[in-house]
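Let me begin by presenting the structure, written as structure tokens, before commenting on it.
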Amino acid sequence: MHSSSAEGGRKKLMLKLPALRTHLRNLVGDSTAELFESYDLATTALDVFRTETPANAKIIGEYEEMCSALERELSGYCCDGGIPQRDSSSRRGS
């Protein structure tokens with residue numbers, strides 16, 4: 001079972017990348033769960049950094065790049081089929 005943070009990351013990406021929503025929903029495996037969790041943690045931290053006064057532009061830039069890199073990596077999994085996906089008939093109600 002994957003963490004709620006991993007599912008949170010998956011949902012954030014599904015909102016950010018609506019064209020890949022179905023593919024993201026179907027990605028399974030420990031490696032993608034870790035990436036989804038990393039994305040959730042990075043975006044949550046980025047939101048906090050953006051609200052701090054004074055804002056630290058260097059940290060914000062680093063986290064924006066990290067989030068973009070995770071988005072690109074997970075998008076690649078959707079497009080090249082490199083990670084197993086769930087059979088749509090076995091998917092539980094979303």
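Chains: A, B, ... in order of the structure tokens. Residues: from 1 per chain. Ligands: from 1, in order shown.
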Skipping near chain neighbours, those fewer than 4 positions away, what residues fall within 8 Å of Tyr63 of chain A using only C-alpha atoms, listed as a list in words?
Ala42, Thr43, Ala45, Leu46, Ile59 and Cys67 of chain A
Which residues are near Asp40 of chain A? Cut-off 9 Å, only C-alpha atoms, ignore same chain within fewer than 3 positions. Put them as a list of chain:residue names.
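Residues meeting the cut-off are A:Ser5, A:Ala6, A:Glu7, A:Gly8, A:Gly9, A:Arg10, A:Lys11, A:Lys12, A:Leu13, A:Leu35, A:Phe36, A:Glu37, A:Thr43, A:Thr44, A:Ala45.
Of note, atom CA of Met14 of chain A and atom CA of Val48 of chain A are spaced 21.0 Å apart.
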Picked from segment 2-93 of chain A by DSSP as alpha helix (DSSP H), as number ranges by chain:
A: 4-16, 21-26, 30-51, 57-80
Closest to Arg50 of chain A among A:Glu64, A:Leu70, A:Leu15, A:Arg21, using only C-alpha atoms?
A:Glu64
What's the separation between atom CA of Gly29 of chain A and atom CA of Gly61 of chain A, in Å to one decimal place?
29.5 Å
Would you compute the distance between atom CA of Tyr77 of chain A and atom CA of Leu27 of chain A? Give it in Å to one decimal.
8.2 Å
Under the rule that only C-alpha atoms are counted, which of A:Leu17, A:Val28, A:Ala55, A:Ala33 is the nearest residue to Ser68 of chain A?
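The answer is A:Leu17, which sits nearest to Ser68 of chain A.
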Closest to Gly76 of chain A among A:Thr32, A:Ser38, A:Ser4, A:Thr53, using only C-alpha atoms?
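Of A:Thr32, A:Ser38, A:Ser4, A:Thr53, the one nearest Gly76 of chain A is A:Thr32, counting only C-alpha atoms.
For the residues A:Ala57, A:Cys79, A:Glu52, A:Ser3, ranking by smallest atom-to-atom distance to Asp30 of chain A using only C-alpha atoms places A:Ser3 first.
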